[in-house]
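Visitor: Below you will find the structure I want to go over with you.
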Amino acid sequence: MTGHENASADPAPSGIDVERPHRGRRSALYPWLVFALAFALLLSDYMSRQVLSAVFPFLKSEWALTDSQLASLTSIVALMVGLLTLPLSMLADRWGRVKSLVLMATLWSIATLLCAIASNYEQMLAARFFVGVGEAAYGSVGIALVLSVFAPRVHSTLSGAFMAGGSFGSVVGVALGAVIAVHLGWRWSFAAMAVLGLILVAAFRLVVTERRLAEHAASDDTSASARPDGPAIRVPVSTLFTNPAVWCAYLGGGLQMFNAAVLLAWAPSYFNRYYGLAPDKAGAVASVFVLLIAIGMIVCGMITDRVSRNNAAAKWTSAICYCVISLASLGIGLQLATGTSQLILLGIGAFFAAGSSGPTAAMVAGLTHQSVRASALGSLTIANNVLGLATGPFVIGILADRLGLLGALQLAPLVYVLAIGALFLGRRMHPTGLAKLAAQSAAAAAKGQGAAAIG
(Lines give C-alpha, C1' and ligand atoms only; values in the text may rest on other atoms or scores of the structure.)
Protein backbone atom coordinates (compact mmCIF):
# COMPACT_ATOMS: atom_id res chain seq x y z
CA MET A 1 0.00 0.00 0.00
CA THR A 2 1.12 3.55 -0.66
CA GLY A 3 0.53 6.73 1.22
CA HIS A 4 -2.15 7.66 -1.29
CA GLU A 5 -4.45 4.84 -0.28
CA ASN A 6 -7.59 5.99 1.48
CA ALA A 7 -10.44 3.69 0.63
CA SER A 8 -11.86 4.57 4.00
CA ALA A 9 -12.24 8.18 2.97
CA ASP A 10 -14.57 7.53 0.06
CA PRO A 11 -17.01 10.42 0.02
CA ALA A 12 -20.61 9.75 0.83
CA PRO A 13 -22.82 9.26 -2.20
CA SER A 14 -24.31 12.47 -3.51
CA GLY A 15 -27.78 13.19 -2.24
CA ILE A 16 -26.92 11.81 1.21
CA ASP A 17 -26.29 14.39 3.88
CA VAL A 18 -23.82 12.83 6.27
CA GLU A 19 -22.61 14.67 9.34
CA ARG A 20 -19.07 13.78 10.32
CA PRO A 21 -19.22 12.73 13.96
CA HIS A 22 -16.57 12.91 16.61
CA ARG A 23 -14.17 9.97 16.61
CA GLY A 24 -15.22 9.16 20.15
CA ARG A 25 -18.43 7.67 18.78
CA ARG A 26 -16.54 4.98 16.89
CA SER A 27 -17.08 1.38 17.94
CA ALA A 28 -14.43 -1.29 17.53
CA LEU A 29 -17.12 -3.92 16.95
CA TYR A 30 -19.23 -2.23 14.29
CA PRO A 31 -16.67 -2.45 11.42
CA TRP A 32 -16.42 -6.20 11.98
CA LEU A 33 -20.20 -6.46 12.04
CA VAL A 34 -20.29 -4.66 8.69
CA PHE A 35 -17.68 -7.06 7.36
CA ALA A 36 -19.60 -10.09 8.68
CA LEU A 37 -22.89 -9.05 7.09
CA ALA A 38 -21.32 -8.00 3.80
CA PHE A 39 -19.35 -11.25 3.77
CA ALA A 40 -22.52 -13.25 4.48
CA LEU A 41 -24.25 -11.61 1.53
CA LEU A 42 -21.23 -12.42 -0.63
CA LEU A 43 -21.60 -16.05 0.45
CA SER A 44 -25.22 -15.90 -0.64
CA ASP A 45 -24.13 -14.31 -3.92
CA TYR A 46 -21.85 -17.22 -4.80
CA MET A 47 -24.11 -19.88 -3.34
CA SER A 48 -26.81 -18.69 -5.72
CA ARG A 49 -24.30 -18.55 -8.56
CA GLN A 50 -22.46 -21.85 -8.07
CA VAL A 51 -25.31 -24.11 -6.91
CA LEU A 52 -25.85 -24.62 -10.63
CA SER A 53 -22.61 -26.63 -10.87
CA ALA A 54 -23.97 -29.13 -8.34
CA VAL A 55 -27.04 -29.82 -10.47
CA PHE A 56 -25.23 -30.03 -13.83
CA PRO A 57 -25.69 -33.84 -13.99
CA PHE A 58 -29.43 -33.51 -13.28
CA LEU A 59 -29.99 -30.81 -15.90
CA LYS A 60 -27.87 -32.64 -18.48
CA SER A 61 -29.96 -35.75 -18.01
CA GLU A 62 -33.41 -34.17 -17.68
CA TRP A 63 -33.11 -31.60 -20.46
CA ALA A 64 -30.50 -33.38 -22.64
CA LEU A 65 -28.12 -30.40 -22.55
CA THR A 66 -24.65 -30.27 -24.11
CA ASP A 67 -21.61 -29.21 -22.08
CA SER A 68 -21.54 -25.88 -23.91
CA GLN A 69 -25.17 -25.24 -22.93
CA LEU A 70 -24.39 -26.08 -19.32
CA ALA A 71 -21.39 -23.74 -19.47
CA SER A 72 -23.55 -20.94 -20.86
CA LEU A 73 -25.77 -21.11 -17.78
CA THR A 74 -22.69 -20.40 -15.68
CA SER A 75 -21.04 -17.89 -17.98
CA ILE A 76 -24.14 -15.74 -18.51
CA VAL A 77 -23.92 -14.71 -14.85
CA ALA A 78 -20.25 -13.81 -15.01
CA LEU A 79 -20.77 -12.04 -18.33
CA MET A 80 -23.47 -9.79 -16.86
CA VAL A 81 -21.21 -9.10 -13.90
CA GLY A 82 -18.42 -8.13 -16.27
CA LEU A 83 -20.58 -5.87 -18.42
CA LEU A 84 -22.55 -4.11 -15.66
CA THR A 85 -20.10 -3.83 -12.77
CA LEU A 86 -18.63 -0.44 -13.66
CA PRO A 87 -21.85 1.45 -14.50
CA LEU A 88 -23.68 -0.01 -11.52
CA SER A 89 -20.73 0.73 -9.21
CA MET A 90 -20.73 4.36 -10.33
CA LEU A 91 -24.50 4.50 -9.85
CA ALA A 92 -24.14 3.03 -6.35
CA ASP A 93 -21.60 5.74 -5.45
CA ARG A 94 -24.20 8.34 -6.39
CA TRP A 95 -27.40 6.71 -5.18
CA GLY A 96 -26.05 5.14 -1.98
CA ARG A 97 -24.06 1.97 -1.43
CA VAL A 98 -26.28 0.48 1.27
CA LYS A 99 -29.49 0.90 -0.74
CA SER A 100 -27.74 -0.43 -3.83
CA LEU A 101 -26.46 -3.54 -2.06
CA VAL A 102 -29.91 -4.29 -0.67
CA LEU A 103 -31.48 -3.95 -4.12
CA MET A 104 -28.80 -6.15 -5.70
CA ALA A 105 -29.19 -8.96 -3.18
CA THR A 106 -32.97 -8.87 -3.43
CA LEU A 107 -32.81 -9.16 -7.21
CA TRP A 108 -30.39 -12.09 -7.34
CA SER A 109 -32.38 -13.95 -4.64
CA ILE A 110 -35.66 -13.57 -6.53
CA ALA A 111 -33.95 -14.55 -9.79
CA THR A 112 -32.56 -17.68 -8.08
CA LEU A 113 -36.09 -18.53 -7.03
CA LEU A 114 -37.12 -18.26 -10.69
CA CYS A 115 -34.42 -20.82 -11.52
CA ALA A 116 -36.24 -23.24 -9.23
CA ILE A 117 -39.41 -23.05 -11.33
CA ALA A 118 -37.77 -22.97 -14.79
CA SER A 119 -39.20 -25.66 -17.06
CA ASN A 120 -36.61 -25.60 -19.87
CA TYR A 121 -33.16 -24.37 -20.86
CA GLU A 122 -34.39 -21.04 -22.22
CA GLN A 123 -36.24 -20.14 -19.00
CA MET A 124 -33.25 -21.15 -16.91
CA LEU A 125 -30.95 -19.02 -19.07
CA ALA A 126 -33.26 -16.00 -18.64
CA ALA A 127 -33.38 -16.47 -14.86
CA ARG A 128 -29.61 -16.81 -14.70
CA PHE A 129 -29.34 -13.59 -16.70
CA PHE A 130 -31.12 -11.73 -13.90
CA VAL A 131 -28.99 -13.47 -11.28
CA GLY A 132 -26.02 -11.92 -13.07
CA VAL A 133 -27.65 -8.48 -13.17
CA GLY A 134 -28.29 -8.62 -9.43
CA GLU A 135 -24.78 -9.79 -8.61
CA ALA A 136 -23.06 -7.45 -11.07
CA ALA A 137 -21.66 -4.79 -8.76
CA TYR A 138 -21.92 -6.47 -5.37
CA GLY A 139 -18.24 -7.40 -5.21
CA SER A 140 -16.88 -3.94 -5.97
CA VAL A 141 -19.46 -1.95 -3.98
CA GLY A 142 -19.35 -4.42 -1.09
CA ILE A 143 -15.57 -4.35 -0.75
CA ALA A 144 -15.53 -0.54 -1.02
CA LEU A 145 -18.07 -0.41 1.81
CA VAL A 146 -15.99 -2.77 3.95
CA LEU A 147 -12.67 -1.02 3.34
CA SER A 148 -14.24 2.32 4.26
CA VAL A 149 -14.33 1.32 7.94
CA PHE A 150 -10.87 -0.29 8.16
CA ALA A 151 -7.36 1.19 8.12
CA PRO A 152 -5.32 0.70 4.90
CA ARG A 153 -2.66 -1.41 6.61
CA VAL A 154 -5.05 -4.39 6.52
CA HIS A 155 -6.63 -3.74 3.13
CA SER A 156 -4.70 -6.50 1.32
CA THR A 157 -5.75 -9.11 3.84
CA LEU A 158 -9.33 -7.87 3.94
CA SER A 159 -9.47 -7.78 0.15
CA GLY A 160 -8.26 -11.35 -0.07
CA ALA A 161 -10.62 -12.49 2.68
CA PHE A 162 -13.62 -10.72 1.18
CA MET A 163 -12.94 -12.06 -2.29
CA ALA A 164 -12.42 -15.52 -0.80
CA GLY A 165 -16.04 -15.33 0.26
CA GLY A 166 -16.85 -16.21 -3.32
CA SER A 167 -15.08 -19.54 -2.96
CA PHE A 168 -16.54 -20.22 0.48
CA GLY A 169 -19.99 -19.50 -0.92
CA SER A 170 -19.24 -21.79 -3.83
CA VAL A 171 -18.23 -24.57 -1.42
CA VAL A 172 -21.48 -24.31 0.48
CA GLY A 173 -23.52 -23.84 -2.67
CA VAL A 174 -22.04 -26.85 -4.43
CA ALA A 175 -22.00 -29.18 -1.41
CA LEU A 176 -25.38 -28.21 0.03
CA GLY A 177 -26.96 -27.93 -3.40
CA ALA A 178 -25.84 -31.44 -4.34
CA VAL A 179 -27.22 -32.95 -1.13
CA ILE A 180 -30.56 -31.15 -1.51
CA ALA A 181 -30.78 -32.13 -5.17
CA VAL A 182 -30.25 -35.82 -4.42
CA HIS A 183 -32.77 -35.96 -1.58
CA LEU A 184 -35.39 -33.37 -2.53
CA GLY A 185 -34.80 -32.62 -6.20
CA TRP A 186 -32.65 -30.04 -7.97
CA ARG A 187 -35.35 -27.33 -7.86
CA TRP A 188 -35.16 -27.21 -4.08
CA SER A 189 -31.44 -26.51 -4.33
CA PHE A 190 -32.20 -23.15 -5.96
CA ALA A 191 -35.14 -22.43 -3.66
CA ALA A 192 -33.01 -22.90 -0.52
CA MET A 193 -30.38 -20.45 -1.76
CA ALA A 194 -33.05 -17.88 -2.61
CA VAL A 195 -34.67 -17.99 0.82
CA LEU A 196 -31.33 -17.67 2.59
CA GLY A 197 -30.46 -14.65 0.47
CA LEU A 198 -33.69 -12.84 1.34
CA ILE A 199 -33.15 -13.47 5.07
CA LEU A 200 -29.64 -12.00 4.89
CA VAL A 201 -30.92 -8.97 2.98
CA ALA A 202 -33.31 -8.19 5.83
CA ALA A 203 -30.54 -8.50 8.44
CA PHE A 204 -28.14 -6.31 6.45
CA ARG A 205 -30.77 -3.61 5.96
CA LEU A 206 -31.51 -3.46 9.68
CA VAL A 207 -27.89 -3.10 10.82
CA VAL A 208 -25.94 -1.26 8.11
CA THR A 209 -26.81 2.37 7.33
CA GLU A 210 -25.03 5.21 5.55
CA ARG A 211 -25.08 7.28 8.75
CA ARG A 212 -23.40 4.62 10.87
CA LEU A 213 -20.84 3.94 8.15
CA ALA A 214 -19.93 7.63 8.19
CA GLU A 215 -19.61 7.55 11.98
CA HIS A 216 -17.12 4.68 11.73
CA ALA A 217 -15.18 5.83 8.68
CA ALA A 218 -11.49 5.05 9.18
CA SER A 219 -8.79 7.65 8.68
CA ASP A 220 -5.28 7.32 7.29
CA ASP A 221 -2.29 9.42 6.36
CA THR A 222 -3.71 10.97 3.20
CA SER A 223 -5.22 13.91 4.96
CA ALA A 224 -2.63 16.09 3.39
CA SER A 225 -4.38 15.76 0.09
CA ALA A 226 -7.54 17.36 1.38
CA ARG A 227 -8.61 19.25 4.49
CA PRO A 228 -11.42 17.60 6.45
CA ASP A 229 -13.39 20.86 6.33
CA GLY A 230 -12.57 21.51 2.67
CA PRO A 231 -14.34 20.46 -0.48
CA ALA A 232 -14.19 16.84 -1.54
CA ILE A 233 -11.38 16.22 -4.01
CA ARG A 234 -12.18 13.98 -6.96
CA VAL A 235 -10.13 12.93 -9.94
CA PRO A 236 -11.74 12.17 -13.32
CA VAL A 237 -13.05 8.64 -13.88
CA SER A 238 -10.77 8.51 -16.92
CA THR A 239 -7.78 8.17 -14.55
CA LEU A 240 -8.86 4.56 -14.00
CA PHE A 241 -7.56 3.75 -17.46
CA THR A 242 -4.60 6.10 -17.96
CA ASN A 243 -2.18 4.35 -15.61
CA PRO A 244 -0.34 1.48 -17.41
CA ALA A 245 0.49 -0.29 -14.13
CA VAL A 246 -3.21 -0.40 -13.22
CA TRP A 247 -3.98 -1.92 -16.62
CA CYS A 248 -1.46 -4.67 -15.88
CA ALA A 249 -3.16 -5.34 -12.54
CA TYR A 250 -6.53 -5.55 -14.30
CA LEU A 251 -5.20 -8.00 -16.89
CA GLY A 252 -3.14 -10.09 -14.49
CA GLY A 253 -5.97 -10.27 -11.98
CA GLY A 254 -8.53 -11.26 -14.58
CA LEU A 255 -6.39 -13.89 -16.27
CA GLN A 256 -5.34 -15.54 -13.00
CA MET A 257 -9.04 -16.08 -12.23
CA PHE A 258 -9.49 -18.23 -15.36
CA ASN A 259 -8.42 -21.50 -13.76
CA ALA A 260 -10.14 -20.76 -10.45
CA ALA A 261 -13.38 -20.29 -12.39
CA VAL A 262 -12.80 -23.53 -14.29
CA LEU A 263 -12.33 -25.45 -11.04
CA LEU A 264 -15.43 -23.86 -9.52
CA ALA A 265 -17.61 -24.79 -12.48
CA TRP A 266 -16.24 -28.12 -13.68
CA ALA A 267 -14.76 -29.89 -10.64
CA PRO A 268 -18.07 -31.61 -9.73
CA SER A 269 -18.50 -32.89 -13.29
CA TYR A 270 -14.84 -34.00 -13.42
CA PHE A 271 -15.16 -36.13 -10.30
CA ASN A 272 -18.53 -37.43 -11.47
CA ARG A 273 -17.18 -38.54 -14.88
CA TYR A 274 -13.58 -39.60 -14.18
CA TYR A 275 -13.75 -40.82 -10.59
CA GLY A 276 -17.18 -42.44 -11.00
CA LEU A 277 -18.71 -40.58 -8.03
CA ALA A 278 -22.43 -39.97 -7.63
CA PRO A 279 -23.45 -36.29 -8.06
CA ASP A 280 -23.75 -35.63 -4.33
CA LYS A 281 -20.38 -37.24 -3.55
CA ALA A 282 -18.76 -35.54 -6.53
CA GLY A 283 -20.08 -32.22 -5.24
CA ALA A 284 -18.71 -32.93 -1.77
CA VAL A 285 -15.24 -33.77 -3.10
CA ALA A 286 -15.27 -30.76 -5.41
CA SER A 287 -16.23 -28.55 -2.46
CA VAL A 288 -12.96 -29.49 -0.76
CA PHE A 289 -11.01 -28.10 -3.70
CA VAL A 290 -13.17 -24.99 -3.80
CA LEU A 291 -12.49 -24.57 -0.08
CA LEU A 292 -8.77 -24.78 -0.84
CA ILE A 293 -9.19 -21.93 -3.34
CA ALA A 294 -10.83 -19.80 -0.64
CA ILE A 295 -8.27 -20.58 2.04
CA GLY A 296 -5.49 -19.92 -0.43
CA MET A 297 -6.86 -16.47 -1.23
CA ILE A 298 -6.79 -15.52 2.45
CA VAL A 299 -3.40 -17.04 3.24
CA CYS A 300 -1.80 -15.61 0.10
CA GLY A 301 -3.22 -12.19 0.97
CA MET A 302 -1.72 -12.38 4.46
CA ILE A 303 1.65 -13.50 3.09
CA THR A 304 1.59 -10.64 0.59
CA ASP A 305 0.86 -8.07 3.29
CA ARG A 306 3.83 -9.33 5.28
CA VAL A 307 6.39 -9.49 2.47
CA SER A 308 5.32 -6.15 0.99
CA ARG A 309 5.22 -4.22 4.26
CA ASN A 310 8.27 -2.16 3.31
CA ASN A 311 8.10 -2.58 -0.46
CA ALA A 312 4.77 -2.23 -2.24
CA ALA A 313 6.26 -3.63 -5.46
CA ALA A 314 6.66 -6.99 -3.73
CA LYS A 315 2.92 -7.49 -4.20
CA TRP A 316 3.59 -8.04 -7.89
CA THR A 317 6.30 -10.61 -7.13
CA SER A 318 4.09 -12.58 -4.77
CA ALA A 319 1.24 -12.59 -7.31
CA ILE A 320 3.62 -13.95 -9.97
CA CYS A 321 4.85 -16.69 -7.64
CA TYR A 322 1.30 -17.86 -6.90
CA CYS A 323 0.56 -18.11 -10.62
CA VAL A 324 3.75 -20.09 -11.29
CA ILE A 325 2.99 -22.59 -8.53
CA SER A 326 -0.58 -23.16 -9.72
CA LEU A 327 0.54 -23.45 -13.34
CA ALA A 328 3.02 -26.19 -12.48
CA SER A 329 0.73 -28.08 -10.09
CA LEU A 330 -2.38 -28.10 -12.27
CA GLY A 331 -0.39 -28.63 -15.46
CA ILE A 332 1.34 -31.74 -14.12
CA GLY A 333 -1.61 -33.03 -12.08
CA LEU A 334 -4.02 -33.11 -15.00
CA GLN A 335 -1.55 -35.19 -17.01
CA LEU A 336 -1.47 -37.93 -14.35
CA ALA A 337 -3.86 -40.84 -14.02
CA THR A 338 -6.65 -40.50 -11.48
CA GLY A 339 -5.53 -41.25 -7.96
CA THR A 340 -3.82 -39.85 -4.89
CA SER A 341 -0.91 -38.17 -6.67
CA GLN A 342 -3.23 -36.33 -8.98
CA LEU A 343 -5.48 -35.21 -6.13
CA ILE A 344 -2.49 -33.84 -4.18
CA LEU A 345 -1.24 -31.80 -7.13
CA LEU A 346 -4.74 -30.58 -7.95
CA GLY A 347 -5.12 -29.54 -4.31
CA ILE A 348 -1.89 -27.52 -4.41
CA GLY A 349 -2.94 -25.94 -7.68
CA ALA A 350 -6.35 -25.06 -6.26
CA PHE A 351 -4.79 -23.49 -3.14
CA PHE A 352 -2.79 -21.04 -5.27
CA ALA A 353 -5.28 -20.80 -8.17
CA ALA A 354 -6.69 -17.45 -7.06
CA GLY A 355 -3.92 -16.49 -4.64
CA SER A 356 -3.15 -13.39 -6.71
CA SER A 357 -6.64 -11.95 -6.15
CA GLY A 358 -5.79 -10.14 -2.91
CA PRO A 359 -2.50 -8.71 -4.21
CA THR A 360 -4.05 -7.48 -7.46
CA ALA A 361 -6.92 -5.80 -5.60
CA ALA A 362 -4.42 -4.13 -3.26
CA MET A 363 -2.33 -2.99 -6.21
CA VAL A 364 -5.35 -1.46 -7.92
CA ALA A 365 -6.30 0.30 -4.68
CA GLY A 366 -2.72 1.50 -4.17
CA LEU A 367 -2.44 2.93 -7.68
CA THR A 368 -5.76 4.79 -7.87
CA HIS A 369 -7.05 7.89 -6.11
CA GLN A 370 -9.44 7.30 -3.20
CA SER A 371 -12.23 9.29 -4.88
CA VAL A 372 -12.53 6.71 -7.69
CA ARG A 373 -11.41 3.63 -5.84
CA ALA A 374 -14.80 1.91 -5.82
CA SER A 375 -14.96 2.33 -9.58
CA ALA A 376 -11.37 1.07 -9.84
CA LEU A 377 -12.30 -2.08 -7.95
CA GLY A 378 -15.33 -2.31 -10.20
CA SER A 379 -13.01 -2.25 -13.21
CA LEU A 380 -10.98 -5.05 -11.64
CA THR A 381 -14.19 -7.02 -11.14
CA ILE A 382 -14.96 -6.55 -14.83
CA ALA A 383 -11.56 -8.00 -15.71
CA ASN A 384 -12.01 -10.87 -13.26
CA ASN A 385 -15.35 -11.78 -14.79
CA VAL A 386 -14.76 -11.13 -18.48
CA LEU A 387 -11.29 -12.70 -18.58
CA GLY A 388 -11.80 -15.35 -15.91
CA LEU A 389 -15.16 -16.18 -14.38
CA ALA A 390 -17.16 -15.85 -17.60
CA THR A 391 -14.56 -16.98 -20.13
CA GLY A 392 -13.05 -19.91 -18.22
CA PRO A 393 -16.10 -22.18 -17.79
CA PHE A 394 -17.48 -21.33 -21.25
CA VAL A 395 -14.24 -21.92 -23.15
CA ILE A 396 -13.67 -25.22 -21.33
CA GLY A 397 -17.27 -26.23 -22.07
CA ILE A 398 -16.79 -25.62 -25.80
CA LEU A 399 -13.46 -27.46 -25.82
CA ALA A 400 -14.98 -30.32 -23.82
CA ASP A 401 -17.55 -30.93 -26.55
CA ARG A 402 -14.63 -31.55 -28.94
CA LEU A 403 -11.78 -32.86 -26.78
CA GLY A 404 -13.59 -34.33 -23.81
CA LEU A 405 -13.64 -32.67 -20.40
CA LEU A 406 -10.19 -33.94 -19.40
CA GLY A 407 -8.59 -32.80 -22.64
CA ALA A 408 -10.09 -29.35 -22.19
CA LEU A 409 -8.97 -29.10 -18.56
CA GLN A 410 -5.40 -30.02 -19.51
CA LEU A 411 -5.19 -26.87 -21.64
CA ALA A 412 -6.60 -24.50 -19.00
CA PRO A 413 -3.38 -23.92 -16.96
CA LEU A 414 -1.66 -22.39 -20.00
CA VAL A 415 -3.65 -19.20 -19.39
CA TYR A 416 -1.39 -18.57 -16.39
CA VAL A 417 1.43 -17.80 -18.83
CA LEU A 418 -0.50 -14.72 -19.98
CA ALA A 419 -1.27 -13.72 -16.38
CA ILE A 420 2.39 -14.01 -15.40
CA GLY A 421 3.40 -11.83 -18.36
CA ALA A 422 0.93 -9.09 -17.39
CA LEU A 423 2.01 -9.13 -13.73
CA PHE A 424 5.70 -9.06 -14.63
CA LEU A 425 5.12 -6.04 -16.86
CA GLY A 426 3.13 -4.39 -14.08
CA ARG A 427 6.02 -4.81 -11.67
CA ARG A 428 8.31 -3.06 -14.13
CA MET A 429 5.82 -0.19 -14.45
CA HIS A 430 5.05 0.15 -10.74
CA PRO A 431 7.32 3.18 -10.06
CA THR A 432 5.86 4.98 -13.08
CA GLY A 433 2.38 4.13 -11.82
CA LEU A 434 3.08 5.69 -8.43
CA ALA A 435 4.38 8.84 -10.10
CA LYS A 436 1.26 8.96 -12.24
CA LEU A 437 -0.94 8.66 -9.15
CA ALA A 438 0.97 11.43 -7.38
CA ALA A 439 0.50 13.73 -10.37
CA GLN A 440 -3.22 12.96 -10.54
CA SER A 441 -3.64 13.62 -6.82
CA ALA A 442 -1.70 16.88 -6.98
CA ALA A 443 -3.72 18.10 -9.95
CA ALA A 444 -6.99 17.23 -8.22
CA ALA A 445 -5.89 18.97 -5.00
CA ALA A 446 -4.86 22.10 -6.90
CA LYS A 447 -8.18 22.17 -8.72
CA GLY A 448 -10.06 21.73 -5.45
CA GLN A 449 -8.11 24.54 -3.76
CA GLY A 450 -8.77 26.78 -6.75
CA ALA A 451 -12.48 26.08 -6.59
CA ALA A 452 -12.49 26.75 -2.84
CA ALA A 453 -10.67 30.07 -3.31
CA ILE A 454 -13.18 31.18 -5.96
CA GLY A 455 -16.05 30.13 -3.72
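Going by the C-alpha coordinates order, chains are called A, B, ..., each with residues numbered from 1, while ligands are numbered from 1 in the order shown.
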Please build the interface table for range 118-165 of chain A against range 58-62 of chain A with a cut-off of 12 Å, listing for each qualifying residue the nearest atom pair and the distance in Å to one decimal; count only C-alpha atoms, order rows by chain and increasing number, and write it as a Markdown table.
Guide:
| residue | atom | partner | partner_atom | distance |
| --- | --- | --- | --- | --- |
| A:Ala118 | CA | A:Leu59 | CA | 11.1 |
| A:Ser119 | CA | A:Glu62 | CA | 10.3 |
| A:Asn120 | CA | A:Leu59 | CA | 9.3 |
| A:Tyr121 | CA | A:Leu59 | CA | 8.7 |
| A:Met124 | CA | A:Leu59 | CA | 10.2 |
Visitor: For range 175-280 of chain A against range 77-95 of chain A, with a cut-off of 12 Å and counting only C-alpha atoms, what is the closest atom pair and its distance in Å to one decimal for every residue that makes the cut, ordered by chain and number, as CSV?
Guide:
residue,atom,partner,partner_atom,distance
A:Glu210,CA,A:Trp95,CA,11.1
A:Val237,CA,A:Met90,CA,9.5
A:Leu240,CA,A:Leu86,CA,11.0
A:Gly254,CA,A:Gly82,CA,10.5
A:Met257,CA,A:Ala78,CA,11.8
A:Phe258,CA,A:Ala78,CA,11.6
A:Ala261,CA,A:Ala78,CA,9.8
A:Ala265,CA,A:Ala78,CA,11.6
Visitor: When you look at range 313-326 of chain A with a cut-off of 6 Å (counting only C-alpha atoms), what residues show up, excluding the ones that are within fewer than 3 positions of it in the same chain? I need them as a list in words.
Guide: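 Within the cut-off, the hits are Thr304, Ser308, Ser329, Leu330, Gly349, Phe352, Ala353, Gly355, Ser356, Pro359, Ile420 and Arg427 of chain A.
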Visitor: Would you save the residues from that selection as a PDB file, in the first residue's frame, using N, CA and C atoms?
Guide:
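Saved the output as again.pdb:
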ATOM      1  N   THR A 304       1.264 -11.825   1.386  1.00  0.00           N
ATOM      2  CA  THR A 304       1.594 -10.645   0.586  1.00  0.00           C
ATOM      3  C   THR A 304       1.706  -9.403   1.453  1.00  0.00           C
ATOM      4  N   SER A 308       5.322  -7.445   1.671  1.00  0.00           N
ATOM      5  CA  SER A 308       5.316  -6.148   0.994  1.00  0.00           C
ATOM      6  C   SER A 308       5.185  -4.989   1.965  1.00  0.00           C
ATOM      7  N   SER A 329       1.489 -27.033 -10.788  1.00  0.00           N
ATOM      8  CA  SER A 329       0.733 -28.076 -10.089  1.00  0.00           C
ATOM      9  C   SER A 329      -0.439 -28.590 -10.920  1.00  0.00           C
ATOM     10  N   LEU A 330      -1.241 -27.673 -11.457  1.00  0.00           N
ATOM     11  CA  LEU A 330      -2.380 -28.096 -12.271  1.00  0.00           C
ATOM     12  C   LEU A 330      -1.920 -28.717 -13.587  1.00  0.00           C
ATOM     13  N   GLY A 349      -2.574 -26.896  -6.640  1.00  0.00           N
ATOM     14  CA  GLY A 349      -2.939 -25.937  -7.682  1.00  0.00           C
ATOM     15  C   GLY A 349      -4.152 -25.128  -7.300  1.00  0.00           C
ATOM     16  N   PHE A 352      -3.414 -22.253  -4.723  1.00  0.00           N
ATOM     17  CA  PHE A 352      -2.789 -21.042  -5.270  1.00  0.00           C
ATOM     18  C   PHE A 352      -3.516 -20.502  -6.506  1.00  0.00           C
ATOM     19  N   ALA A 353      -4.615 -21.164  -6.916  1.00  0.00           N
ATOM     20  CA  ALA A 353      -5.281 -20.802  -8.171  1.00  0.00           C
ATOM     21  C   ALA A 353      -5.710 -19.344  -8.214  1.00  0.00           C
ATOM     22  N   GLY A 355      -4.721 -17.150  -5.670  1.00  0.00           N
ATOM     23  CA  GLY A 355      -3.916 -16.485  -4.645  1.00  0.00           C
ATOM     24  C   GLY A 355      -3.527 -15.073  -4.993  1.00  0.00           C
ATOM     25  N   SER A 356      -3.524 -14.748  -6.272  1.00  0.00           N
ATOM     26  CA  SER A 356      -3.148 -13.394  -6.706  1.00  0.00           C
ATOM     27  C   SER A 356      -4.290 -12.397  -6.588  1.00  0.00           C
ATOM     28  N   PRO A 359      -3.544  -9.631  -3.763  1.00  0.00           N
ATOM     29  CA  PRO A 359      -2.497  -8.708  -4.208  1.00  0.00           C
ATOM     30  C   PRO A 359      -2.925  -7.798  -5.351  1.00  0.00           C
ATOM     31  N   ILE A 420       1.042 -14.265 -15.885  1.00  0.00           N
ATOM     32  CA  ILE A 420       2.395 -14.007 -15.400  1.00  0.00           C
ATOM     33  C   ILE A 420       3.040 -12.880 -16.210  1.00  0.00           C
ATOM     34  N   ARG A 427       4.969  -5.065 -12.644  1.00  0.00           N
ATOM     35  CA  ARG A 427       6.022  -4.809 -11.669  1.00  0.00           C
ATOM     36  C   ARG A 427       7.058  -3.833 -12.222  1.00  0.00           C
TER      37      ARG A 427
END
Visitor: Here is a test: counting only C-alpha atoms, which residue of A:Ala192, A:Ala446, A:Leu346, A:Val386 is nearest to Leu409 in chain A?
Guide: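 Result for the nearest residue to Leu409 in chain A: A:Leu346.
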Visitor: Rounded to one decimal in Å, what is the spacing between CA of Phe394 in chain A and CA of Ser53 in chain A?
Guide: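 So the answer is 12.7 Å.
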Visitor: I'd like the contact shell of Leu41 in chain A - 8 Å cut-off, only C-alpha atoms, skipping same-chain residues fewer than 5 positions apart - returned as a VMD selection string.
Guide: chain A and resid 105 197 200 to 201
